[in-house]
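Structure data follow from entry.csv (CSV, C-alpha atoms):
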```
chain,number,residue,atom,x,y,z
M,1,MET,CA,109.2,87.6,91.2
M,2,ARG,CA,107.9,86.1,88.0
M,3,VAL,CA,104.6,87.5,87.0
M,4,GLY,CA,101.7,86.5,84.7
M,5,LEU,CA,99.4,89.3,83.5
M,6,LEU,CA,95.8,88.2,82.8
M,7,GLY,CA,94.2,90.9,80.6
M,8,ALA,CA,96.1,93.0,78.0
M,9,GLY,CA,93.6,95.9,77.5
M,10,ARG,CA,94.1,99.5,78.5
M,11,ILE,CA,94.5,98.9,82.3
M,12,GLY,CA,96.6,95.7,81.6
M,13,THR,CA,99.0,97.8,79.6
M,14,VAL,CA,99.3,100.2,82.6
M,15,HIS,CA,100.1,97.4,84.9
M,16,ALA,CA,102.6,95.9,82.4
M,17,GLN,CA,104.6,99.1,82.7
M,18,ALA,CA,104.6,99.0,86.5
M,19,ILE,CA,105.6,95.3,86.6
M,20,SER,CA,108.4,95.8,84.1
M,21,ALA,CA,109.7,99.0,85.7
M,22,HIS,CA,110.1,97.3,89.1
M,23,HIS,CA,113.6,96.0,89.9
M,24,ASP,CA,112.2,92.9,91.7
M,25,SER,CA,109.6,91.7,89.2
M,26,GLU,CA,109.6,90.3,85.7
M,27,LEU,CA,106.6,90.0,83.3
M,28,VAL,CA,107.0,86.6,81.8
M,29,ALA,CA,103.5,85.8,80.3
M,30,VAL,CA,100.3,87.5,79.3
M,31,SER,CA,96.8,86.4,78.3
M,32,ASP,CA,93.8,88.1,76.8
M,33,ALA,CA,90.5,87.2,75.3
M,34,LEU,CA,91.6,89.1,72.2
M,35,ASN,CA,94.8,87.5,70.9
M,36,ASP,CA,95.9,90.7,69.1
M,37,ASN,CA,96.0,92.6,72.4
M,38,ALA,CA,98.1,89.9,74.0
M,39,GLN,CA,100.5,89.6,71.1
M,40,ALA,CA,101.0,93.4,71.0
M,41,LEU,CA,101.8,93.6,74.7
M,42,ALA,CA,104.0,90.5,74.6
M,43,ALA,CA,106.0,92.0,71.7
M,44,THR,CA,106.5,95.2,73.7
M,45,TYR,CA,107.8,93.5,76.9
M,46,GLY,CA,109.3,90.4,75.4
M,47,CYS,CA,107.1,87.9,77.3
M,48,ALA,CA,105.1,84.8,76.2
M,49,VAL,CA,101.4,84.7,75.1
M,50,ARG,CA,99.6,82.0,77.0
M,51,THR,CA,96.0,81.3,78.2
M,52,SER,CA,95.0,82.3,81.7
M,53,ASP,CA,94.7,78.7,82.7
M,54,GLU,CA,98.2,78.0,81.5
M,55,ILE,CA,99.6,80.9,83.4
M,56,ILE,CA,97.8,79.9,86.6
M,57,ALA,CA,99.0,76.3,86.3
M,58,ASP,CA,102.6,77.2,85.7
M,59,SER,CA,104.5,76.6,89.0
M,60,SER,CA,107.4,78.8,87.9
M,61,ILE,CA,105.1,81.9,87.9
M,62,ASP,CA,105.0,83.4,91.4
M,63,ALA,CA,102.2,86.0,91.0
M,64,VAL,CA,99.4,87.0,88.7
M,65,LEU,CA,97.9,90.4,88.1
M,66,ILE,CA,94.2,90.1,87.1
M,67,ALA,CA,93.1,92.9,84.7
M,68,THR,CA,90.3,91.0,82.9
M,69,SER,CA,86.6,91.8,82.7
M,70,THR,CA,85.0,92.2,86.2
M,71,ASP,CA,82.7,89.2,85.8
M,72,THR,CA,85.8,86.9,85.7
M,73,HIS,CA,87.6,88.3,88.7
M,74,SER,CA,86.3,86.1,91.5
M,75,ASP,CA,86.9,82.9,89.5
M,76,LEU,CA,90.4,83.9,88.6
M,77,ILE,CA,91.2,85.0,92.2
M,78,GLU,CA,90.1,81.6,93.5
M,79,ALA,CA,92.0,79.6,90.8
M,80,ALA,CA,95.2,81.6,91.3
M,81,ALA,CA,95.0,81.4,95.1
M,82,ALA,CA,94.4,77.6,94.9
M,83,ALA,CA,97.5,77.3,92.8
M,84,GLY,CA,99.5,79.0,95.5
M,85,LYS,CA,100.1,82.3,93.6
M,86,ALA,CA,100.1,85.8,95.0
M,87,VAL,CA,97.3,87.9,93.4
M,88,LEU,CA,96.8,91.5,92.6
M,89,CYS,CA,93.3,91.9,91.1
M,90,GLU,CA,91.8,95.1,89.6
M,91,LYS,CA,88.7,96.5,91.3
M,92,PRO,CA,86.0,95.5,91.8
M,93,VAL,CA,86.2,92.0,93.2
M,94,ASP,CA,83.0,91.1,91.3
M,95,LEU,CA,79.8,92.6,89.9
M,96,SER,CA,77.9,90.6,92.6
M,97,LEU,CA,78.4,91.2,96.3
M,98,ALA,CA,77.3,87.7,97.1
M,99,ARG,CA,79.9,86.3,94.7
M,100,ALA,CA,82.6,88.5,96.1
M,101,THR,CA,81.7,87.5,99.6
M,102,ALA,CA,81.8,83.8,98.6
M,103,CYS,CA,85.2,84.4,97.0
M,104,LEU,CA,86.5,85.8,100.3
M,105,GLU,CA,85.2,82.7,102.1
M,106,ASN,CA,86.5,80.3,99.5
M,107,VAL,CA,90.1,81.5,99.6
M,108,GLY,CA,90.3,81.3,103.3
M,109,ASP,CA,93.8,81.8,104.7
M,110,ARG,CA,95.1,82.3,101.2
M,111,ALA,CA,93.6,85.8,101.3
M,112,ALA,CA,96.8,87.0,102.9
M,113,LYS,CA,98.5,86.9,99.5
M,114,ILE,CA,95.6,88.7,97.7
M,115,MET,CA,95.5,92.4,97.0
M,116,ILE,CA,92.8,94.5,95.4
M,117,GLY,CA,93.8,97.3,93.0
M,118,PHE,CA,92.6,100.4,94.6
M,119,ASN,CA,95.5,102.4,93.3
M,120,ARG,CA,94.4,105.8,94.7
M,121,ARG,CA,95.4,104.8,98.2
M,122,PHE,CA,99.0,105.1,96.8
M,123,ASP,CA,98.7,108.5,95.3
M,124,PRO,CA,101.3,110.7,97.1
M,125,SER,CA,99.0,113.7,97.6
M,126,PHE,CA,96.2,111.6,99.1
M,127,GLY,CA,98.7,109.7,101.3
M,128,ALA,CA,100.1,113.0,102.6
M,129,LEU,CA,96.6,114.2,103.4
M,130,LYS,CA,95.8,111.0,105.3
M,131,SER,CA,99.1,111.3,107.2
M,132,ALA,CA,98.4,114.9,108.2
M,133,MET,CA,94.9,114.0,109.3
M,134,MET,CA,96.1,111.1,111.4
M,135,ALA,CA,98.7,113.4,113.0
M,136,GLY,CA,95.9,115.6,114.3
M,137,GLU,CA,96.9,118.6,112.2
M,138,ILE,CA,93.2,119.6,111.7
M,139,GLY,CA,91.8,118.3,115.0
M,140,LYS,CA,88.9,115.9,114.9
M,141,THR,CA,87.7,114.9,111.4
M,142,GLU,CA,84.1,116.0,110.8
M,143,LEU,CA,83.4,116.2,107.0
M,144,LEU,CA,85.0,114.4,104.0
M,145,SER,CA,84.3,115.5,100.5
M,146,LEU,CA,85.5,113.4,97.5
M,147,THR,CA,85.2,114.7,93.9
M,148,SER,CA,85.8,112.4,90.9
M,149,PHE,CA,84.8,113.6,87.5
M,150,ASP,CA,85.8,111.9,84.2
M,151,PRO,CA,86.6,114.1,81.2
M,152,ALA,CA,84.2,112.2,79.0
M,153,PRO,CA,81.8,109.2,79.3
M,154,PRO,CA,82.9,105.7,78.1
M,155,PRO,CA,81.1,104.0,75.2
M,156,VAL,CA,77.6,102.7,76.0
M,157,SER,CA,78.8,99.2,75.1
M,158,TYR,CA,81.1,99.5,78.1
M,159,ILE,CA,78.4,100.9,80.3
M,160,LYS,CA,76.2,97.8,79.6
M,161,VAL,CA,78.7,95.4,81.1
M,162,SER,CA,80.4,97.7,83.7
M,163,GLY,CA,78.0,96.9,86.6
M,164,GLY,CA,77.0,100.6,86.8
M,165,LEU,CA,78.6,103.8,88.0
M,166,PHE,CA,78.4,103.0,91.7
M,167,ARG,CA,80.2,99.6,91.2
M,168,ASP,CA,82.6,100.6,88.4
M,169,MET,CA,83.5,104.3,88.9
M,170,MET,CA,82.5,105.4,92.4
M,171,ILE,CA,83.9,102.2,94.0
M,172,HIS,CA,87.3,104.0,94.0
M,173,ASP,CA,85.7,106.7,96.1
M,174,PHE,CA,84.0,104.3,98.5
M,175,ASP,CA,87.4,102.7,99.1
M,176,MET,CA,89.1,106.1,99.5
M,177,ALA,CA,86.4,107.1,102.1
M,178,ASN,CA,87.2,103.9,104.0
M,179,PHE,CA,90.9,104.6,103.8
M,180,ILE,CA,90.6,108.2,105.0
M,181,MET,CA,87.8,107.7,107.6
M,182,GLY,CA,89.2,104.5,108.9
M,183,ALA,CA,85.7,103.0,109.2
M,184,THR,CA,82.8,102.0,107.1
M,185,PRO,CA,79.6,104.1,107.2
M,186,VAL,CA,76.4,103.4,108.9
M,187,THR,CA,74.0,104.7,106.2
M,188,VAL,CA,74.4,105.4,102.5
M,189,SER,CA,72.1,107.8,100.6
M,190,ALA,CA,72.4,108.2,96.9
M,191,ALA,CA,70.9,110.2,94.0
M,192,GLY,CA,71.8,109.6,90.4
M,193,THR,CA,70.6,110.8,87.0
M,194,SER,CA,71.5,110.5,83.3
M,195,ILE,CA,71.9,114.0,82.0
M,196,VAL,CA,75.3,113.7,80.3
M,197,ASP,CA,74.1,111.0,77.8
M,198,PRO,CA,70.5,109.8,77.6
M,199,ALA,CA,71.9,106.5,76.1
M,200,ILE,CA,73.5,105.7,79.4
M,201,GLY,CA,70.1,106.0,81.1
M,202,GLU,CA,68.6,103.8,78.4
M,203,ALA,CA,71.3,101.2,79.3
M,204,GLY,CA,70.1,101.2,82.9
M,205,ASP,CA,72.8,103.3,84.4
M,206,VAL,CA,73.4,106.9,85.7
M,207,ASP,CA,76.2,109.3,84.7
M,208,THR,CA,75.9,111.9,87.4
M,209,ALA,CA,75.6,110.9,91.1
M,210,VAL,CA,76.0,112.2,94.7
M,211,VAL,CA,76.3,109.9,97.7
M,212,THR,CA,76.1,111.0,101.3
M,213,MET,CA,77.3,108.7,104.0
M,214,THR,CA,77.0,108.9,107.8
M,215,TYR,CA,79.2,107.3,110.4
M,216,ALA,CA,78.5,106.0,113.9
M,217,ASP,CA,80.5,108.9,115.5
M,218,GLY,CA,78.6,111.6,113.7
M,219,ARG,CA,81.0,112.2,110.8
M,220,ILE,CA,79.7,112.7,107.3
M,221,ALA,CA,81.2,111.9,103.9
M,222,VAL,CA,80.0,113.2,100.5
M,223,ILE,CA,81.0,111.7,97.1
M,224,LYS,CA,80.4,113.5,93.8
M,225,ASN,CA,80.8,111.7,90.5
M,226,SER,CA,80.2,112.7,86.9
M,227,ARG,CA,81.1,111.0,83.6
M,228,ARG,CA,81.8,114.4,82.0
M,229,ALA,CA,84.0,117.3,83.0
M,230,VAL,CA,85.0,119.1,79.8
M,231,TYR,CA,88.1,120.8,81.5
M,232,GLY,CA,89.8,117.5,82.3
M,233,TYR,CA,90.1,114.8,85.0
M,234,ASP,CA,88.8,116.3,88.3
M,235,GLN,CA,90.2,114.4,91.3
M,236,ARG,CA,90.0,116.2,94.7
M,237,VAL,CA,89.8,115.3,98.3
M,238,GLU,CA,88.9,117.7,101.1
M,239,VAL,CA,88.7,117.0,104.9
M,240,LEU,CA,87.2,119.5,107.3
M,241,GLY,CA,88.3,119.1,110.9
M,242,SER,CA,87.6,120.9,114.2
M,243,GLU,CA,90.8,122.9,113.8
M,244,GLY,CA,91.3,123.3,110.0
M,245,LEU,CA,91.0,122.0,106.5
M,246,LEU,CA,93.1,119.6,104.4
M,247,GLN,CA,92.8,119.6,100.6
M,248,ALA,CA,94.4,117.5,97.9
M,249,GLN,CA,93.9,119.5,94.7
M,250,ASN,CA,93.9,118.5,91.0
M,251,MET,CA,97.2,117.6,89.3
M,252,LEU,CA,97.6,120.2,86.5
M,253,GLU,CA,99.1,119.8,83.0
M,254,ASN,CA,101.8,122.3,84.1
M,255,THR,CA,102.4,124.7,87.0
M,256,VAL,CA,102.4,128.0,85.0
M,257,VAL,CA,100.1,130.7,86.3
M,258,LYS,CA,99.4,133.7,84.1
M,259,SER,CA,98.4,136.9,85.9
M,260,THR,CA,97.4,140.0,83.9
M,261,ALA,CA,95.0,142.9,84.2
M,262,SER,CA,92.3,140.7,82.6
M,263,GLY,CA,92.5,137.9,85.2
M,264,VAL,CA,94.5,135.0,86.5
M,265,SER,CA,94.6,131.6,84.7
M,266,SER,CA,96.4,128.3,85.0
M,267,ALA,CA,96.6,125.0,83.1
M,268,LYS,CA,93.8,122.5,83.1
M,269,PRO,CA,93.8,119.3,85.1
M,270,THR,CA,95.6,116.3,83.5
M,271,TYR,CA,93.2,114.7,81.0
M,272,PHE,CA,92.6,111.2,82.4
M,273,PHE,CA,93.7,108.5,84.8
M,274,LEU,CA,96.7,107.4,82.8
M,275,GLU,CA,98.4,110.8,83.2
M,276,ARG,CA,97.0,111.4,86.7
M,277,TYR,CA,97.6,108.1,88.4
M,278,MET,CA,100.6,106.4,86.8
M,279,PRO,CA,102.9,107.1,89.8
M,280,ALA,CA,100.2,105.6,92.0
M,281,TYR,CA,100.0,102.4,89.9
M,282,LYS,CA,103.8,102.1,90.3
M,283,ALA,CA,103.6,102.6,94.0
M,284,GLU,CA,100.8,100.1,94.3
M,285,TRP,CA,102.9,97.5,92.5
M,286,ALA,CA,105.9,98.2,94.7
M,287,ALA,CA,103.7,97.8,97.8
M,288,PHE,CA,102.4,94.5,96.5
M,289,VAL,CA,105.9,93.2,95.8
M,290,ALA,CA,107.0,94.2,99.3
M,291,ALA,CA,103.9,92.4,100.9
M,292,VAL,CA,104.5,89.2,98.9
M,293,LYS,CA,108.2,89.2,100.0
M,294,GLY,CA,106.9,89.5,103.6
M,295,ASP,CA,108.3,92.9,104.3
M,296,THR,CA,104.8,94.3,105.0
M,297,ASP,CA,101.2,93.2,105.4
M,298,MET,CA,99.0,93.3,102.2
M,299,PRO,CA,98.0,97.0,102.2
M,300,VAL,CA,94.6,96.6,100.4
M,301,ASP,CA,93.1,93.2,101.0
M,302,LEU,CA,90.1,91.2,99.8
M,303,ASN,CA,88.1,92.4,102.8
M,304,ASP,CA,88.6,96.0,101.6
M,305,GLY,CA,87.4,95.0,98.2
M,306,VAL,CA,84.2,93.4,99.6
M,307,ALA,CA,83.6,96.4,101.9
M,308,ALA,CA,83.7,98.9,99.0
M,309,LEU,CA,81.4,96.6,96.9
M,310,ALA,CA,78.9,96.5,99.7
M,311,MET,CA,78.9,100.3,99.8
M,312,ALA,CA,78.3,100.4,96.0
M,313,GLU,CA,75.4,97.9,96.5
M,314,ALA,CA,73.9,100.2,99.2
M,315,ALA,CA,74.3,103.2,96.9
M,316,THR,CA,72.7,101.4,94.0
M,317,ARG,CA,69.7,100.4,96.2
M,318,SER,CA,69.4,103.9,97.6
M,319,ALA,CA,69.4,105.5,94.2
M,320,GLN,CA,66.7,103.0,93.0
M,321,THR,CA,64.4,103.4,96.0
M,322,GLY,CA,65.0,107.0,96.9
M,323,ARG,CA,65.7,106.3,100.5
M,324,PRO,CA,68.8,106.0,102.7
M,325,VAL,CA,70.1,102.4,103.1
M,326,ASP,CA,71.5,101.1,106.4
M,327,MET,CA,74.7,99.2,105.7
M,328,ALA,CA,73.3,96.4,107.9
M,329,GLU,CA,70.7,95.7,105.2
M,330,ILE,CA,73.5,94.9,102.8
M,331,THR,CA,76.1,93.2,105.0
M,332,GLY,CA,73.9,91.6,107.7
M,333,ASN,CA,76.4,93.0,110.2
M,334,SER,CA,74.8,94.9,113.1
M,335,ASP,CA,78.1,96.4,114.2
M,336,ARG,CA,78.0,100.1,113.6
M,337,GLY,CA,81.2,102.0,112.6
M,338,GLU,CA,83.2,98.8,111.8
M,339,ALA,CA,86.8,99.6,111.2
M,340,ALA,CA,87.7,99.6,107.5
```
Turn the structure described in the file into structure tokens.
Amino acid sequence: MRVGLLGAGRIGTVHAQAISAHHDSELVAVSDALNDNAQALAATYGCAVRTSDEIIADSSIDAVLIATSTDTHSDLIEAAAAAGKAVLCEKPVDLSLARATACLENVGDRAAKIMIGFNRRFDPSFGALKSAMMAGEIGKTELLSLTSFDPAPPPVSYIKVSGGLFRDMMIHDFDMANFIMGATPVTVSAAGTSIVDPAIGEAGDVDTAVVTMTYADGRIAVIKNSRRAVYGYDQRVEVLGSEGLLQAQNMLENTVVKSTASGVSSAKPTYFFLERYMPAYKAEWAAFVAAVKGDTDMPVDLNDGVAALAMAEAATRSAQTGRPVDMAEITGNSDRGEAA
């Protein structure tokens, strides 16, 4: 499969590794708004530097991976789909839920060849937890807890264009909740504050937030996000059931545990997402290739991307108003407990 990469920044570089490492895909072209980024990546992987329009128009390119700024995602998805290409697009679908919904409508049947990059679904530990839960190993699921703390906040310049913590950072957790619970929530209640960096608050965003979600069958999910955890990248999932507990713990820098008279200590969690989730990015790309070949259905589709963005919209509204938000307010869908 001949692949064009749109976006050669940090996440684009991660995807370039995954594309080039797969036996059934070849990175043939890259574009970026900053030509130096594109040139550097092209030199590393021996591919051409072209514009996004040129890559999309090239009939010899089978698929594109979109890793550009979020405000370009919907336009590029539509253009690539119209050109008959398979698409893997980084999250979120768009900064605007209305635009993302329109994108879903505009691509129509071509949505079958579009995947949204929620890479955490492909993490081996999270997948094992989901499988154990589905096998009934802890009985009926009752309470889900998702923890996602970054080691340090991004630059405020990024915060200003990110769409906010709920759309940019917590959207991974919204999708993970949908993945594990197998349904979208009925209500979303959020609280957020800026206590890590006042400049983030001045930019109109929060850096610390908690979201509680309720489901039609009585289950509850809680998401905790922070832009700062000085000990490393904290990524944990916990599911409480009627007959037990499932936990996916942090990945540590190493597995050495020191036990002495003064106490017991171990290594810190891995520092950031590059170290923690690289295997998941590779598994995500492999799943995309398999789906494009027709071996499987697309595992994370455009509907999933819109669903997570709707939850982010509900959380943003709840944090701003101080009240729980019914998902029907956001989606206009009166069905409660809709499958995710």
Using all atoms listed in the file for the distances, tell me which of M:Glu54, M:Pro124, M:Leu27, M:Leu165 is nearest to M:Leu41.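 Ranked by minimum distance to M:Leu41, first place goes to M:Leu27.
Distance-wise, atom CA of M:Lys130 and atom CA of M:Leu309 end up 22.0 Å apart.
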Please identify all polymer residues within 8 Å of M:Gly204, counting only C-alpha atoms, omitting same-chain residues fewer than 3 positions from it, and present them as a count of residues only. 4
Residue among M:His73, M:Val230, M:Leu88, M:Glu137 lying closest to M:Val292, counting only C-alpha atoms: M:Leu88
Would you kindly identify which residues have an atom no farther than 8 Å from (91.3, 119.4, 90.8), using all atoms listed in the file and the file's own coordinates, and write them out as number ranges by chain? M: 233-236, 248-252, 269
Could you save those same residues with C-alpha atoms as a PDB file, in the frame of the given file?
```pdb
ATOM      1  CA  TYR M 233      90.100 114.800  85.000  1.00  0.00           C
ATOM      2  CA  ASP M 234      88.800 116.300  88.300  1.00  0.00           C
ATOM      3  CA  GLN M 235      90.200 114.400  91.300  1.00  0.00           C
ATOM      4  CA  ARG M 236      90.000 116.200  94.700  1.00  0.00           C
ATOM      5  CA  ALA M 248      94.400 117.500  97.900  1.00  0.00           C
ATOM      6  CA  GLN M 249      93.900 119.500  94.700  1.00  0.00           C
ATOM      7  CA  ASN M 250      93.900 118.500  91.000  1.00  0.00           C
ATOM      8  CA  MET M 251      97.200 117.600  89.300  1.00  0.00           C
ATOM      9  CA  LEU M 252      97.600 120.200  86.500  1.00  0.00           C
ATOM     10  CA  PRO M 269      93.800 119.300  85.100  1.00  0.00           C
TER      11      PRO M 269
END
```
Restricting the calculation to all atoms listed in the file, which member of M:Ile61, M:Ala191, M:Val30, M:Ile66 is positioned closest to M:Val49? M:Val30
Contacts of stretch 117-120 of chain M at 8 Å (all atoms listed in the file; same-chain gap of 6+ positions) as a VMD selection string: chain M and resid 88 to 91 126 172 175 to 176 277 280 to 281 284 300
Would you mind telling me which residue in M:Leu302, M:Val256, M:Ile116, M:Leu5 lies nearest to M:Gln17 when using only C-alpha atoms? M:Leu5
Give me, please, the distance in Å between atom CA of M:Asp75 and atom CA of M:Asp326, quoted to one decimal.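 A separation of 29.2 Å between them.
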Could you check how far atom CA of M:Gly305 sits from atom CA of M:Ile77, in Å to one decimal? 12.3 Å
Taking into account only C-alpha atoms, which residue in the set M:Leu144, M:Ile159, M:Val239, M:Ala229 is nearest to M:Thr214? M:Leu144
I want to know what sits within 8 Å of M:Val257, based on only C-alpha atoms, with residues of the same chain fewer than 2 positions away left out; could you give that as number ranges by chain? M: 255, 259, 264-267
Report as a ChimeraX atom specification all protein, DNA and RNA residues lying within 7 Å of M:Lys268, evaluated on only C-alpha atoms, omitting residues in the same chain fewer than 5 positions from it. /M:231-232,252-253
Do a neighbour search on M:Val64 at 8 Å with all atoms listed in the file, toss out local chain neighbours closer than 4 positions, and write the hits as a compact mmCIF listing (two decimals) with C-alpha atoms, in the coordinates of the input.
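Final output, selection.txt:
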```
# COMPACT_ATOMS: atom_id res chain seq x y z
CA VAL M 3 104.60 87.50 87.00
CA GLY M 4 101.70 86.50 84.70
CA LEU M 5 99.40 89.30 83.50
CA LEU M 6 95.80 88.20 82.80
CA ILE M 56 97.80 79.90 86.60
CA ALA M 80 95.20 81.60 91.30
CA LYS M 85 100.10 82.30 93.60
CA ALA M 86 100.10 85.80 95.00
CA VAL M 87 97.30 87.90 93.40
CA LEU M 88 96.80 91.50 92.60
```
Using all atoms listed in the file, pick whichever of M:Phe149, M:Phe166, M:Phe179, M:Tyr271 has the shortest atom-to-atom distance to M:Asp304.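 Between M:Phe149, M:Phe166, M:Phe179, M:Tyr271, the residue approaching M:Asp304 most closely is M:Phe179.
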Missing atoms of stretch 287-298 of chain M rebuilt to N, CA, C and O atoms, written as an mmCIF file, in the coordinates of the input:
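Once everything was written out, this is result-v5.cif:
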```
data_model
loop_
_atom_site.group_PDB
_atom_site.id
_atom_site.type_symbol
_atom_site.label_atom_id
_atom_site.label_comp_id
_atom_site.auth_asym_id
_atom_site.auth_seq_id
_atom_site.Cartn_x
_atom_site.Cartn_y
_atom_site.Cartn_z
ATOM 1 N N ALA M 287 104.220 98.206 96.524
ATOM 2 C CA ALA M 287 103.700 97.800 97.800
ATOM 3 C C ALA M 287 103.259 96.316 97.771
ATOM 4 O O ALA M 287 103.432 95.583 98.756
ATOM 5 N N PHE M 288 102.719 95.873 96.629
ATOM 6 C CA PHE M 288 102.400 94.500 96.500
ATOM 7 C C PHE M 288 103.586 93.577 96.538
ATOM 8 O O PHE M 288 103.596 92.555 97.245
ATOM 9 N N VAL M 289 104.644 93.946 95.833
ATOM 10 C CA VAL M 289 105.900 93.200 95.800
ATOM 11 C C VAL M 289 106.429 93.059 97.260
ATOM 12 O O VAL M 289 106.827 91.982 97.712
ATOM 13 N N ALA M 290 106.439 94.180 97.966
ATOM 14 C CA ALA M 290 107.000 94.200 99.300
ATOM 15 C C ALA M 290 106.137 93.260 100.236
ATOM 16 O O ALA M 290 106.686 92.541 101.083
ATOM 17 N N ALA M 291 104.805 93.257 100.053
ATOM 18 C CA ALA M 291 103.900 92.400 100.900
ATOM 19 C C ALA M 291 104.154 90.929 100.546
ATOM 20 O O ALA M 291 104.187 90.081 101.440
ATOM 21 N N VAL M 292 104.310 90.613 99.260
ATOM 22 C CA VAL M 292 104.500 89.200 98.900
ATOM 23 C C VAL M 292 105.865 88.715 99.435
ATOM 24 O O VAL M 292 105.985 87.563 99.858
ATOM 25 N N LYS M 293 106.859 89.578 99.474
ATOM 26 C CA LYS M 293 108.200 89.200 100.000
ATOM 27 C C LYS M 293 108.121 89.077 101.552
ATOM 28 O O LYS M 293 109.065 88.582 102.159
ATOM 29 N N GLY M 294 107.035 89.547 102.161
ATOM 30 C CA GLY M 294 106.900 89.500 103.600
ATOM 31 C C GLY M 294 107.423 90.659 104.355
ATOM 32 O O GLY M 294 107.492 90.655 105.589
ATOM 33 N N ASP M 295 107.771 91.728 103.625
ATOM 34 C CA ASP M 295 108.300 92.900 104.300
ATOM 35 C C ASP M 295 107.174 93.706 104.991
ATOM 36 O O ASP M 295 107.431 94.403 105.975
ATOM 37 N N THR M 296 105.943 93.613 104.473
ATOM 38 C CA THR M 296 104.800 94.300 105.000
ATOM 39 C C THR M 296 103.564 93.432 104.925
ATOM 40 O O THR M 296 103.579 92.422 104.213
ATOM 41 N N ASP M 297 102.484 93.818 105.593
ATOM 42 C CA ASP M 297 101.200 93.200 105.400
ATOM 43 C C ASP M 297 100.618 93.653 104.045
ATOM 44 O O ASP M 297 101.003 94.712 103.526
ATOM 45 N N MET M 298 99.676 92.904 103.485
ATOM 46 C CA MET M 298 99.000 93.300 102.200
ATOM 47 C C MET M 298 98.225 94.596 102.534
ATOM 48 O O MET M 298 97.338 94.610 103.386
#
```
